[in-house]
Amino acid sequence: MTDEELMRAYVEGDVEAFQLLYNRHKARVLGFLVARLKNRAEAEDVFQEVFAKLHAHRLKYRKDAPFLAWLFTIVRNSLVDHVRKQNTREKYLEVSPEAVNAAMNEQRANKDVSEAIAELSSLSSEQRMLLSMRFNEDLSFAEIAESMEISQSNARKIVSRAIQKLRSLMSGEEQ
């Protein structure tokens, strides 16, 4: 019998059908939970909840729904409920001095980027366009020169001067 047929039989009162479904899927469900929670005892608690919910909501099972999809919706929801109830998120969050330093450096870099964006308005439209072509579109100077109908050395100079101007603006040398 298929899982769907067994579930329909269980809904109609066949307890043996439930036992067959349980035996078929217990290893898969428990393995899924252990992999997510990294703690067998917690996984077993959630596992028990899953099959209790399956029993409690058996009358809500839609006969046209694939059983495994329905079961794993219960599994996922039970897992989320468990994490919320137990407030176990901190157990799975690794906070190390290296991670904190990396986050701080990233925040500083983001601040530098946001300042640079603010300074872009002081560049000419040609400088902004060429910077965008070079760094956003990753075009070579030859491609930029061809696109803008200028020489390759001129494209290099415009980009170089734009970068120098941004650096000086960000360092506070030019107001």
# chains A, B, ... in the order shown; residues from 1 in each chain; ligands from 1
>>> residues_around(residues="Ala155 in chain A", least_positions_apart="6", cutoff="8 Å", atoms="only C-alpha atoms", output="CSV table (one decimal) with N, CA and C atoms, in the first residue's frame")
chain,number,residue,atom,x,y,z
A,130,LEU,N,32.1,56.0,-16.0
A,130,LEU,CA,33.3,55.2,-16.2
A,130,LEU,C,33.6,54.3,-15.0
A,141,PHE,N,39.5,48.4,-19.7
A,141,PHE,CA,39.6,49.8,-20.2
A,141,PHE,C,39.4,49.8,-21.7
A,144,ILE,N,35.7,49.9,-22.3
A,144,ILE,CA,35.2,51.2,-21.9
A,144,ILE,C,35.5,52.2,-23.0
A,145,ALA,N,36.7,52.2,-23.4
A,145,ALA,CA,37.2,53.1,-24.5
A,145,ALA,C,36.3,53.0,-25.7
>>> closest_residue(among="A:Ser151, A:Gln127, A:Ser78, A:Thr2", to="Gln48 in chain A", atoms="only C-alpha atoms")
A:Ser78
>>> residues_around(residues="Gly31 in chain A", least_positions_apart="3", cutoff="12 Å", atoms="only C-alpha atoms", output="VMD selection string")
chain A and resid 25 to 28 34 to 40 43 to 44 46 to 47 75
>>> residues_around(residues="Gln152 in chain A", least_positions_apart="3", cutoff="12 Å", atoms="only C-alpha atoms", output="number ranges by chain")
A: 130, 139-149, 155-159
